[in-house]
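Here the structure comes first, spelled out in C-alpha cells, and everything after it is commentary.
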Amino acid sequence: MDTKIRVHRAPKTLITGNNCVNVIGDEAKKLRVTKALIITDPGVAGCGTVASVETPLRDAGIDVGVYDQAVPEPPMSSIAEIVTIAEKSGYNGIVGFGGGSAIDVAKIVAALVGTGDSVEDYVGIDQVPRKGLPFIAVPTTAGTGSEVTAIAIFSNEKLNVKQGVVSPHLIPNIALVDPRLTWSCPANVTAASGMDALIHNIEAYISVNATMHTDPLAKEGISLIAKSIRAATFDGSNAWARHNMAMGSLLGGIAFGNAGVGAVHALSYPIGGTFHVPHGVANTLILPWVMEYNMLACLQWFGEIGQAMGENIEGLSEREAADKTLAALRQLAVDLEVPQYLSDVGIPVSAIGELVDGAMTQTRLLTNNPRQLTREDITQIYRNAAVRPGSKPVKGKAPAKAVKAKK
Ligand SMILES: NC(=O)c1ccc[n+]([C@@H]2O[C@H](COP(=O)([O-])OP(=O)(O)OC[C@H]3O[C@@H](n4cnc5c(N)ncnc54)[C@H](O)[C@@H]3O)[C@@H](O)[C@H]2O)c1
Ligand SMILES: [Fe+2]
C-alpha cells in the first residue's frame with residue numbers, strides 16, 4: 001500500500017477529441033488573452049495546419065502572431081530571441097503548437113517573458129519563480145505528453161547534454177488534444193514519438209513514485225498505445241489508431257508528470273544530447289536493455305505491463321510473463337523499424353564512457369527507477385546495446401569529454 005504523501009498535478013482544463021481545437025479562441029478569451037503568439041516549428045508550419053489554431057483565435061477577436069522557427073530538440077541558445085519578440089510586441093498569451101519540441105519552447109517563453117531571466121537560470125527543480133503568461137498547449141504528435149507536464153527539456157550545447165526545467169508554473173493553463181492534428185505525422189515520427197509515449201506510461205508504472213492516481217492512467221495508456229501504434233505508423237489516416245495514440249500519450253503525460261520516468265530516460269538523454277538522436281529513437285533504442293536490467297526488481301509489474309499490451313500471460317510464472325513482456329517490447333521496435341542498437345545510429349563503442357558520465361548526472365530520473373544502478377551497471381547496459389549482432393562496430397572518435405551537468 002502506498003502511504004506516502006502524494007501530490008497530483010495537471011492542467012486545470014483538458015479538452016480532447018477530433019476538431020476540439022476549434023474552441024481555442026473561446027478558451028483563450030476566458031484567460032483574458034487579447035494578443036496571442038503561436039509558437040511552432042518549420043516542420044509543423046510546413047503541414048499547413050497552423051491555421052487550425054490561428055483562425056479560431058482570430059474569429060474570437062484575438063490579435064495573433066506566428067513564430068514558426070522553433071528548433072526541434074530545442075537548444076537553449078534558441079530561446080532568448082523568441083522571448084524578445086514576445087516582449088517587444090506585447091503578447092499577453094502564448095500558444096504552443098507542435099510536438100514536444102515546440103510546446104517546450106513555448107512553455108519556457110511564457111515563463112520567461114518580462115523577467116529578464118534566461119532558460120539556464122531555471123534548469124532543475126522549482127527554479128521558475130512565478131507563473132508566466134497564460135499558456136495553451138496543442139500537441140501535433142502523440143508522444144511527449146508535454147501538454148500536461150510541468151517539464152520542459154532543452155539541449156545545453158555548451159555541456160552537450162539535455163537538461164530539464166521542472167516547475168508547476170510550467171503546467172499549461174489549457175491542453176487541447178485534437179487527434180486530427182497528428183494525422184500529418186510521417187511514419188518515423190509517429191513510431192518514435194509513439195514509443196516515447198509508451199515508455200512514459202511504462203516508466204511511470206514501475207516508478208518508485210507511482211501512485212493510485214497514476215497507475216490506472218499508465219496501464220490504460222500502455223493498452224491504448226500497444227494496440228494502435230502499428231496501425232498509426234503504417235496507416236496514418238486510421239482515425240481509431242490516431243485517437244488511441246493521442247489519448248495514450250495524454251495519459252502517459254499525466255502519469256509520468258506525477259510519478260516520474262526512470263533509467264530509460266536517464267540513459268537516453270546522453271544519446272540525444274551528445275549525438276542529436278531524436279528523443280523517441282534514443283528511448284526506444286535503450287528501452288529493452290534497461291528493462292532487462294529492471295525486470296528482476298519488479299517481475300509482477302512486468303507481467304501486468306505485458307497483459308496491458310495484450311499478451312496472454314495466463315498460466316505463466318511471473319518470470320515467464322516478464323520474459324514475454326520483454327520479448328513483446330523488442331518485437332515492437334523491430335516492427336516499427338526504429339533503431340535498436342547504438343551502432344544503428346552511428347554511435348561508436350568508444351563513446352560509452354561519455355554516455356555513462358552523462359547518465360550518471362541524471363540523478364532526478366535514476367532515483368525513480370525500481371532498481372538502483374551503479375556506474376558499472378550503466379556501463380554494462382550501454383555495452384549490451386552497443387553493436388547489432390553481425391554488424392561491424394562503428395568507427396569514430398568519442399565525443400569531447402562531457403562536463404558534469406547541473407541537475
Ligand atoms: N516536456 C515534456 O514533458 C517532454 C517529455 C518528453 C519529451 N520531451 C521533449 O520533446 C521533444 C520531442 O518531441 P516530439 O517527439 O513530439 O517531436 P518533435 O516536437 O521534436 O517533432 C519531431 C519532428 O516532427 C515534426 N512534426 C511534429 N508534428 C508533426 C505533424 N503533425 N505533422 C508533420 N510533422 C510533424 C516536427 O516538425 C519535427 O521535425 C524532445 O526535445 C524531448 O526531450 C518533452
Ligand atoms: Fe520522453
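Chain lettering (A, B, ...) mirrors the order of the C-alpha cells, residue numbering begins at 1 for each chain separately, and ligand numbering begins at 1 in order of display.
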Mind listing the residues within 8 Å of ligand 1, only C-alpha atoms and all ligand atoms counted, as an mmCIF file with N, CA, C and O atoms, in the first residue's frame?
```
data_model
loop_
_atom_site.group_PDB
_atom_site.id
_atom_site.type_symbol
_atom_site.label_atom_id
_atom_site.label_comp_id
_atom_site.auth_asym_id
_atom_site.auth_seq_id
_atom_site.Cartn_x
_atom_site.Cartn_y
_atom_site.Cartn_z
ATOM 1 N N ASP A 41 7.188 24.965 -35.126
ATOM 2 C CA ASP A 41 8.475 24.781 -35.815
ATOM 3 C C ASP A 41 8.248 24.653 -37.320
ATOM 4 O O ASP A 41 7.102 24.500 -37.769
ATOM 5 N N PRO A 42 9.304 24.726 -38.116
ATOM 6 C CA PRO A 42 9.122 24.756 -39.576
ATOM 7 C C PRO A 42 8.445 23.496 -40.115
ATOM 8 O O PRO A 42 7.663 23.574 -41.067
ATOM 9 N N GLY A 43 8.726 22.334 -39.509
ATOM 10 C CA GLY A 43 8.110 21.088 -39.990
ATOM 11 C C GLY A 43 6.604 21.129 -39.824
ATOM 12 O O GLY A 43 5.847 20.746 -40.730
ATOM 13 N N VAL A 44 6.144 21.590 -38.681
ATOM 14 C CA VAL A 44 4.707 21.659 -38.421
ATOM 15 C C VAL A 44 4.090 22.751 -39.303
ATOM 16 O O VAL A 44 3.041 22.548 -39.923
ATOM 17 N N ALA A 45 4.777 23.902 -39.375
ATOM 18 C CA ALA A 45 4.253 25.002 -40.197
ATOM 19 C C ALA A 45 4.097 24.543 -41.651
ATOM 20 O O ALA A 45 3.137 24.905 -42.326
ATOM 21 N N GLY A 46 5.036 23.706 -42.117
ATOM 22 C CA GLY A 46 5.007 23.216 -43.497
ATOM 23 C C GLY A 46 3.804 22.334 -43.792
ATOM 24 O O GLY A 46 3.461 22.099 -44.952
ATOM 25 N N CYS A 47 3.168 21.793 -42.764
ATOM 26 C CA CYS A 47 1.979 20.931 -42.973
ATOM 27 C C CYS A 47 0.733 21.747 -43.257
ATOM 28 O O CYS A 47 -0.319 21.191 -43.590
ATOM 29 N N VAL A 71 13.200 25.311 -32.888
ATOM 30 C CA VAL A 71 14.117 24.260 -33.353
ATOM 31 C C VAL A 71 13.771 22.952 -32.641
ATOM 32 O O VAL A 71 13.692 22.917 -31.412
ATOM 33 N N PRO A 72 13.543 21.849 -33.410
ATOM 34 C CA PRO A 72 13.295 20.555 -32.758
ATOM 35 C C PRO A 72 14.444 20.146 -31.838
ATOM 36 O O PRO A 72 15.599 20.481 -32.110
ATOM 37 N N GLU A 73 14.139 19.423 -30.758
ATOM 38 C CA GLU A 73 15.104 19.105 -29.695
ATOM 39 C C GLU A 73 15.780 20.432 -29.308
ATOM 40 O O GLU A 73 16.993 20.602 -29.467
ATOM 41 N N PRO A 74 15.015 21.401 -28.798
ATOM 42 C CA PRO A 74 15.438 22.817 -28.775
ATOM 43 C C PRO A 74 16.722 23.116 -27.999
ATOM 44 O O PRO A 74 16.841 22.764 -26.828
ATOM 45 N N GLY A 98 2.641 22.070 -31.713
ATOM 46 C CA GLY A 98 3.633 21.198 -32.321
ATOM 47 C C GLY A 98 3.873 19.972 -31.469
ATOM 48 O O GLY A 98 3.075 19.625 -30.584
ATOM 49 N N GLY A 99 5.003 19.325 -31.721
ATOM 50 C CA GLY A 99 5.401 18.206 -30.887
ATOM 51 C C GLY A 99 5.976 18.739 -29.574
ATOM 52 O O GLY A 99 5.873 19.937 -29.267
ATOM 53 N N GLY A 100 6.615 17.847 -28.830
ATOM 54 C CA GLY A 100 7.195 18.244 -27.549
ATOM 55 C C GLY A 100 8.168 19.399 -27.698
ATOM 56 O O GLY A 100 8.263 20.261 -26.812
ATOM 57 N N SER A 101 8.875 19.439 -28.824
ATOM 58 C CA SER A 101 9.886 20.489 -29.003
ATOM 59 C C SER A 101 9.236 21.870 -28.997
ATOM 60 O O SER A 101 9.615 22.753 -28.220
ATOM 61 N N ALA A 102 8.251 22.078 -29.882
ATOM 62 C CA ALA A 102 7.616 23.401 -29.984
ATOM 63 C C ALA A 102 6.879 23.741 -28.686
ATOM 64 O O ALA A 102 6.896 24.894 -28.234
ATOM 65 N N ILE A 103 6.240 22.752 -28.076
ATOM 66 C CA ILE A 103 5.500 23.037 -26.835
ATOM 67 C C ILE A 103 6.474 23.423 -25.722
ATOM 68 O O ILE A 103 6.225 24.362 -24.958
ATOM 69 N N ASP A 104 7.614 22.725 -25.639
ATOM 70 C CA ASP A 104 8.587 23.070 -24.592
ATOM 71 C C ASP A 104 9.140 24.479 -24.790
ATOM 72 O O ASP A 104 9.328 25.233 -23.829
ATOM 73 N N PRO A 139 -0.829 19.746 -28.857
ATOM 74 C CA PRO A 139 0.159 18.826 -29.429
ATOM 75 C C PRO A 139 -0.198 18.361 -30.833
ATOM 76 O O PRO A 139 -1.377 18.167 -31.148
ATOM 77 N N THR A 140 0.833 18.177 -31.669
ATOM 78 C CA THR A 140 0.637 17.628 -33.016
ATOM 79 C C THR A 140 1.327 16.282 -33.182
ATOM 80 O O THR A 140 1.299 15.703 -34.256
ATOM 81 N N THR A 141 2.000 15.805 -32.117
ATOM 82 C CA THR A 141 2.491 14.418 -32.100
ATOM 83 C C THR A 141 1.773 13.704 -30.956
ATOM 84 O O THR A 141 1.325 14.352 -30.003
ATOM 85 N N ALA A 142 1.677 12.372 -31.057
ATOM 86 C CA ALA A 142 1.204 11.586 -29.909
ATOM 87 C C ALA A 142 2.461 11.003 -29.326
ATOM 88 O O ALA A 142 2.961 9.981 -29.787
ATOM 89 N N GLY A 143 3.009 11.717 -28.375
ATOM 90 C CA GLY A 143 4.361 11.475 -27.941
ATOM 91 C C GLY A 143 4.665 11.903 -26.539
ATOM 92 O O GLY A 143 4.502 11.147 -25.584
ATOM 93 N N THR A 144 5.048 13.166 -26.408
ATOM 94 C CA THR A 144 5.722 13.555 -25.167
ATOM 95 C C THR A 144 4.779 13.769 -23.994
ATOM 96 O O THR A 144 5.198 13.679 -22.852
ATOM 97 N N GLY A 145 3.526 14.119 -24.271
ATOM 98 C CA GLY A 145 2.626 14.473 -23.166
ATOM 99 C C GLY A 145 2.968 15.823 -22.569
ATOM 100 O O GLY A 145 2.425 16.220 -21.534
ATOM 101 N N SER A 146 3.842 16.569 -23.251
ATOM 102 C CA SER A 146 4.276 17.864 -22.719
ATOM 103 C C SER A 146 3.106 18.811 -22.464
ATOM 104 O O SER A 146 3.199 19.720 -21.636
ATOM 105 N N GLU A 147 1.989 18.571 -23.155
ATOM 106 C CA GLU A 147 0.811 19.439 -22.980
ATOM 107 C C GLU A 147 0.253 19.396 -21.557
ATOM 108 O O GLU A 147 -0.538 20.257 -21.189
ATOM 109 N N VAL A 148 0.656 18.372 -20.789
ATOM 110 C CA VAL A 148 0.127 18.283 -19.416
ATOM 111 C C VAL A 148 1.216 18.261 -18.345
ATOM 112 O O VAL A 148 0.910 18.173 -17.159
ATOM 113 N N THR A 149 2.477 18.321 -18.737
ATOM 114 C CA THR A 149 3.524 18.167 -17.727
ATOM 115 C C THR A 149 4.088 19.508 -17.244
ATOM 116 O O THR A 149 3.914 20.544 -17.889
ATOM 117 N N ALA A 150 4.790 19.417 -16.136
ATOM 118 C CA ALA A 150 5.445 20.584 -15.541
ATOM 119 C C ALA A 150 6.904 20.654 -15.981
ATOM 120 O O ALA A 150 7.754 21.208 -15.283
ATOM 121 N N ILE A 151 7.171 20.080 -17.152
ATOM 122 C CA ILE A 151 8.561 19.868 -17.579
ATOM 123 C C ILE A 151 8.805 20.488 -18.950
ATOM 124 O O ILE A 151 7.932 20.461 -19.814
ATOM 125 N N ALA A 152 9.993 21.026 -19.153
ATOM 126 C CA ALA A 152 10.436 21.422 -20.496
ATOM 127 C C ALA A 152 11.896 20.996 -20.623
ATOM 128 O O ALA A 152 12.687 21.183 -19.689
ATOM 129 N N ILE A 153 12.221 20.391 -21.784
ATOM 130 C CA ILE A 153 13.562 19.799 -21.962
ATOM 131 C C ILE A 153 14.321 20.546 -23.056
ATOM 132 O O ILE A 153 13.776 20.780 -24.139
ATOM 133 N N PHE A 154 15.583 20.866 -22.774
ATOM 134 C CA PHE A 154 16.396 21.624 -23.737
ATOM 135 C C PHE A 154 17.770 20.992 -23.893
ATOM 136 O O PHE A 154 18.270 20.334 -22.979
ATOM 137 N N SER A 155 18.365 21.224 -25.073
ATOM 138 C CA SER A 155 19.743 20.783 -25.285
ATOM 139 C C SER A 155 20.659 21.907 -24.836
ATOM 140 O O SER A 155 20.553 23.032 -25.328
ATOM 141 N N LYS A 162 21.204 17.084 -22.421
ATOM 142 C CA LYS A 162 19.843 17.612 -22.346
ATOM 143 C C LYS A 162 19.524 17.885 -20.889
ATOM 144 O O LYS A 162 19.905 17.107 -20.008
ATOM 145 N N LEU A 181 -4.833 16.465 -35.514
ATOM 146 C CA LEU A 181 -3.597 17.221 -35.786
ATOM 147 C C LEU A 181 -2.379 16.313 -35.935
ATOM 148 O O LEU A 181 -1.328 16.755 -36.391
ATOM 149 N N THR A 182 -2.512 15.042 -35.531
ATOM 150 C CA THR A 182 -1.362 14.126 -35.647
ATOM 151 C C THR A 182 -1.369 13.382 -36.981
ATOM 152 O O THR A 182 -0.416 12.667 -37.294
ATOM 153 N N TRP A 183 -2.439 13.514 -37.754
ATOM 154 C CA TRP A 183 -2.559 12.728 -38.982
ATOM 155 C C TRP A 183 -1.440 13.016 -39.981
ATOM 156 O O TRP A 183 -1.091 12.168 -40.793
ATOM 157 N N SER A 184 -0.899 14.230 -39.941
ATOM 158 C CA SER A 184 0.145 14.585 -40.912
ATOM 159 C C SER A 184 1.530 14.088 -40.491
ATOM 160 O O SER A 184 2.497 14.243 -41.233
ATOM 161 N N CYS A 185 1.641 13.490 -39.308
ATOM 162 C CA CYS A 185 2.959 12.985 -38.858
ATOM 163 C C CYS A 185 3.429 11.864 -39.777
ATOM 164 O O CYS A 185 2.705 10.889 -39.985
ATOM 165 N N PRO A 186 4.659 11.957 -40.299
ATOM 166 C CA PRO A 186 5.186 10.846 -41.087
ATOM 167 C C PRO A 186 5.421 9.606 -40.212
ATOM 168 O O PRO A 186 5.462 9.710 -38.982
ATOM 169 N N VAL A 189 8.169 9.660 -37.427
ATOM 170 C CA VAL A 189 7.841 10.499 -36.258
ATOM 171 C C VAL A 189 6.740 9.833 -35.429
ATOM 172 O O VAL A 189 6.801 9.797 -34.193
ATOM 173 N N ALA A 192 8.484 6.874 -33.492
ATOM 174 C CA ALA A 192 9.420 7.263 -32.426
ATOM 175 C C ALA A 192 8.703 8.019 -31.303
ATOM 176 O O ALA A 192 8.906 7.727 -30.117
ATOM 177 N N SER A 193 7.836 8.967 -31.668
ATOM 178 C CA SER A 193 7.158 9.722 -30.607
ATOM 179 C C SER A 193 6.146 8.827 -29.902
ATOM 180 O O SER A 193 5.932 8.948 -28.688
ATOM 181 N N GLY A 194 5.548 7.880 -30.642
ATOM 182 C CA GLY A 194 4.611 6.941 -30.019
ATOM 183 C C GLY A 194 5.315 6.024 -29.031
ATOM 184 O O GLY A 194 4.779 5.691 -27.969
ATOM 185 N N ASP A 196 7.964 6.859 -27.372
ATOM 186 C CA ASP A 196 8.238 7.724 -26.210
ATOM 187 C C ASP A 196 7.019 7.722 -25.276
ATOM 188 O O ASP A 196 7.152 7.578 -24.057
ATOM 189 N N ALA A 197 5.832 7.849 -25.871
ATOM 190 C CA ALA A 197 4.600 7.870 -25.068
ATOM 191 C C ALA A 197 4.415 6.542 -24.329
ATOM 192 O O ALA A 197 4.040 6.518 -23.147
ATOM 193 N N HIS A 200 6.785 6.483 -21.452
ATOM 194 C CA HIS A 200 6.330 7.307 -20.311
ATOM 195 C C HIS A 200 5.386 6.506 -19.427
ATOM 196 O O HIS A 200 5.490 6.524 -18.201
ATOM 197 N N GLY A 253 1.452 11.377 -20.221
ATOM 198 C CA GLY A 253 1.951 12.668 -19.727
ATOM 199 C C GLY A 253 1.511 12.917 -18.294
ATOM 200 O O GLY A 253 2.317 13.337 -17.452
ATOM 201 N N GLY A 257 4.188 12.717 -15.508
ATOM 202 C CA GLY A 257 4.327 14.065 -14.943
ATOM 203 C C GLY A 257 4.229 14.047 -13.420
ATOM 204 O O GLY A 257 4.722 14.964 -12.760
ATOM 205 N N TYR A 269 19.004 10.297 -22.464
ATOM 206 C CA TYR A 269 19.333 11.727 -22.614
ATOM 207 C C TYR A 269 20.751 11.963 -23.148
ATOM 208 O O TYR A 269 20.932 12.804 -24.037
ATOM 209 N N PRO A 278 16.964 11.749 -32.174
ATOM 210 C CA PRO A 278 15.656 12.194 -31.671
ATOM 211 C C PRO A 278 15.256 11.449 -30.384
ATOM 212 O O PRO A 278 15.551 10.259 -30.234
ATOM 213 N N HIS A 279 14.556 12.177 -29.517
ATOM 214 C CA HIS A 279 14.241 11.663 -28.179
ATOM 215 C C HIS A 279 13.565 10.282 -28.218
ATOM 216 O O HIS A 279 13.953 9.363 -27.495
ATOM 217 N N GLY A 280 12.560 10.134 -29.075
ATOM 218 C CA GLY A 280 11.824 8.865 -29.131
ATOM 219 C C GLY A 280 12.703 7.722 -29.628
ATOM 220 O O GLY A 280 12.575 6.582 -29.166
#
```
**Message:** Residues near A:His213, anyone? I mean within 12 Å using only C-alpha atoms, not counting same-chain ones fewer than 2 positions away, as a ChimeraX atom specification.
**Reply:** /A:2,6-10,204-205,209-211,215-219,251,254-259
**Request:** For each of A:Ala385, A:Ala321, A:Gly358, A:Lys227, take the minimum atom-to-atom distance to A:Val290, counting only C-alpha atoms, then give the residue where this is smallest.
**Result:** A:Ala385
**Request:** Would you list the contacts of A:Ala231 as number ranges by chain, taking every protein, DNA or RNA residue within 12 Å and counting only C-alpha atoms, but skipping same-chain residues closer than 2 positions in sequence?
**Result:** A: 183, 187, 190-191, 194, 224-229, 233-245, 332, 335-336
**Request:** With a distance cut-off of 8 Å and only C-alpha atoms, select the neighbouring residues of stretch 292-305 of chain A, excluding the residue or stretch itself and same-chain residues fewer than 5 positions from it, and output the selection as a ChimeraX atom specification.
**Result:** /A:202,205-206,219,222,313,318-319,321-322,325-326,370-371,381
Store the residues picked out above in a file with all heavy atoms, as a short mmCIF file (atom, residue, chain, number, x, y, z; two decimals), in the first residue's frame.
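What landed in out_35.cif:
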```cif
data_model
loop_
_atom_site.label_atom_id
_atom_site.label_comp_id
_atom_site.auth_asym_id
_atom_site.auth_seq_id
_atom_site.Cartn_x
_atom_site.Cartn_y
_atom_site.Cartn_z
N ILE A 202 5.10 3.20 -19.24
CA ILE A 202 5.78 2.06 -18.62
C ILE A 202 6.65 2.53 -17.45
O ILE A 202 6.61 1.97 -16.35
CB ILE A 202 6.64 1.29 -19.66
CG1 ILE A 202 5.74 0.56 -20.65
CG2 ILE A 202 7.60 0.33 -18.97
CD1 ILE A 202 6.48 -0.13 -21.79
N TYR A 205 4.64 3.51 -14.55
CA TYR A 205 4.02 2.35 -13.88
C TYR A 205 5.00 1.65 -12.95
O TYR A 205 4.62 1.19 -11.87
CB TYR A 205 3.50 1.37 -14.94
CG TYR A 205 2.54 0.34 -14.37
CD1 TYR A 205 1.29 0.73 -13.92
CD2 TYR A 205 2.90 -0.99 -14.28
CE1 TYR A 205 0.41 -0.20 -13.39
CE2 TYR A 205 2.03 -1.93 -13.75
CZ TYR A 205 0.78 -1.53 -13.30
OH TYR A 205 -0.09 -2.45 -12.76
N ILE A 206 6.27 1.59 -13.33
CA ILE A 206 7.25 0.89 -12.48
C ILE A 206 8.04 1.86 -11.60
O ILE A 206 8.93 1.43 -10.85
CB ILE A 206 8.22 0.01 -13.33
CG1 ILE A 206 9.05 0.86 -14.29
CG2 ILE A 206 7.46 -1.06 -14.08
CD1 ILE A 206 10.10 0.06 -15.07
N LYS A 219 -1.57 2.27 -17.01
CA LYS A 219 -1.98 0.97 -17.57
C LYS A 219 -2.87 1.17 -18.80
O LYS A 219 -2.70 0.50 -19.81
CB LYS A 219 -2.74 0.20 -16.49
CG LYS A 219 -2.41 -1.27 -16.47
CD LYS A 219 -3.29 -1.93 -15.46
CE LYS A 219 -2.60 -3.04 -14.75
NZ LYS A 219 -3.39 -3.65 -13.71
N ILE A 222 -0.73 2.33 -21.71
CA ILE A 222 0.01 1.21 -22.33
C ILE A 222 -0.91 0.45 -23.27
O ILE A 222 -0.56 0.13 -24.41
CB ILE A 222 0.58 0.26 -21.24
CG1 ILE A 222 1.67 0.97 -20.44
CG2 ILE A 222 1.11 -1.03 -21.86
CD1 ILE A 222 2.08 0.25 -19.16
N ILE A 313 -0.79 -13.99 -20.72
CA ILE A 313 0.17 -14.50 -19.73
C ILE A 313 -0.48 -15.54 -18.81
O ILE A 313 0.11 -15.93 -17.80
CB ILE A 313 0.76 -13.34 -18.88
CG1 ILE A 313 -0.35 -12.59 -18.13
CG2 ILE A 313 1.56 -12.38 -19.74
CD1 ILE A 313 0.19 -11.75 -16.99
N GLU A 318 5.57 -15.81 -12.96
CA GLU A 318 5.90 -14.37 -13.04
C GLU A 318 7.10 -14.14 -13.94
O GLU A 318 7.15 -13.20 -14.73
CB GLU A 318 6.23 -13.85 -11.62
CG GLU A 318 5.01 -13.43 -10.85
CD GLU A 318 5.36 -12.68 -9.57
OE1 GLU A 318 6.55 -12.65 -9.18
OE2 GLU A 318 4.42 -12.12 -8.98
N ARG A 319 8.09 -15.03 -13.81
CA ARG A 319 9.31 -14.88 -14.60
C ARG A 319 9.03 -15.07 -16.09
O ARG A 319 9.51 -14.31 -16.94
CB ARG A 319 10.34 -15.89 -14.09
CG ARG A 319 11.65 -15.94 -14.86
CD ARG A 319 12.38 -14.62 -14.74
NE ARG A 319 13.30 -14.41 -15.83
CZ ARG A 319 14.62 -14.39 -15.73
NH1 ARG A 319 15.18 -14.55 -14.55
NH2 ARG A 319 15.38 -14.19 -16.76
N ALA A 321 6.16 -14.62 -17.59
CA ALA A 321 5.35 -13.49 -18.07
C ALA A 321 6.23 -12.27 -18.31
O ALA A 321 6.05 -11.54 -19.29
CB ALA A 321 4.26 -13.17 -17.04
N ALA A 322 7.20 -12.06 -17.43
CA ALA A 322 8.11 -10.91 -17.60
C ALA A 322 8.95 -11.08 -18.86
O ALA A 322 9.15 -10.13 -19.62
CB ALA A 322 8.99 -10.76 -16.37
N THR A 325 6.89 -10.22 -21.83
CA THR A 325 6.72 -8.76 -21.97
C THR A 325 7.94 -8.14 -22.64
O THR A 325 7.84 -7.31 -23.54
CB THR A 325 6.48 -8.13 -20.58
OG1 THR A 325 5.35 -8.74 -20.00
CG2 THR A 325 6.29 -6.63 -20.68
N LEU A 326 9.11 -8.57 -22.17
CA LEU A 326 10.36 -8.04 -22.74
C LEU A 326 10.44 -8.37 -24.23
O LEU A 326 10.81 -7.51 -25.06
CB LEU A 326 11.54 -8.66 -21.98
CG LEU A 326 12.89 -8.01 -22.14
CD1 LEU A 326 12.87 -6.53 -21.80
CD2 LEU A 326 13.91 -8.73 -21.24
N PRO A 370 12.98 1.51 -10.45
CA PRO A 370 12.69 0.47 -9.45
C PRO A 370 13.94 -0.31 -9.00
O PRO A 370 13.95 -0.90 -7.93
CB PRO A 370 11.72 -0.46 -10.16
CG PRO A 370 11.94 -0.22 -11.62
CD PRO A 370 12.31 1.23 -11.73
N ARG A 371 14.98 -0.35 -9.84
CA ARG A 371 16.22 -0.99 -9.43
C ARG A 371 17.34 0.05 -9.53
O ARG A 371 17.50 0.68 -10.58
CB ARG A 371 16.51 -2.19 -10.34
CG ARG A 371 17.71 -3.00 -9.90
CD ARG A 371 17.84 -4.28 -10.73
NE ARG A 371 19.09 -4.93 -10.41
CZ ARG A 371 19.62 -5.95 -11.07
NH1 ARG A 371 18.96 -6.46 -12.12
NH2 ARG A 371 20.77 -6.48 -10.73
N ILE A 381 24.88 -1.83 -19.40
CA ILE A 381 23.67 -1.65 -20.22
C ILE A 381 24.04 -1.04 -21.57
O ILE A 381 23.61 -1.51 -22.63
CB ILE A 381 22.62 -0.79 -19.48
CG1 ILE A 381 22.07 -1.56 -18.28
CG2 ILE A 381 21.48 -0.39 -20.42
CD1 ILE A 381 21.19 -0.74 -17.34
#
```
**Message:** If you run DSSP on the backbone here, which positions in stretch 225-334 of chain A get helix (DSSP H, G or I)? Please write them as a PyMOL selection string.
**Reply:** chain A and resi 225-234+239-259+263-275+279-297+299-308+318-334
**Prompt:** Pick from A:Gly61, A:Pro179, A:Pro270, A:Gly90: nearest to A:Ala28, with only C-alpha atoms counted?
**Reply:** A:Gly61
From a DSSP pass on the backbone, collect the residues of stretch 173-369 of chain A flagged as strand (DSSP E) and hand them back as a PDB file with C-alpha atoms, in the first residue's frame.
```pdb
ATOM      1  CA  ILE A 174      -5.247  24.512 -21.001  1.00  0.00           C
ATOM      2  CA  ALA A 175      -4.319  21.404 -23.016  1.00  0.00           C
ATOM      3  CA  LEU A 176      -6.254  20.893 -26.245  1.00  0.00           C
ATOM      4  CA  VAL A 177      -5.613  17.373 -27.553  1.00  0.00           C
TER       5      VAL A 177
END
```
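Counting from atom CA of A:Ala137, the distance to atom CA of A:Ala266 is 25.3 Å.
Using only C-alpha atoms and all ligand atoms, the smallest distance between any of A:Gly17, A:Pro129, A:Gly25, A:Gly272 and ligand 2 comes from A:Gly272.
The closest residue to A:Ser223, picked from A:Pro134, A:Pro168, A:Gly96, A:Gly310 and counting only C-alpha atoms, is A:Gly310.
From atom CA of A:Val138 back to atom CA of A:Gly48, the distance works out to 14.9 Å.
Nearest to ligand 2 of all the residues A:Leu267, A:Ala359, A:Ala327, A:Met309 is A:Leu267, counting only C-alpha atoms and all ligand atoms.
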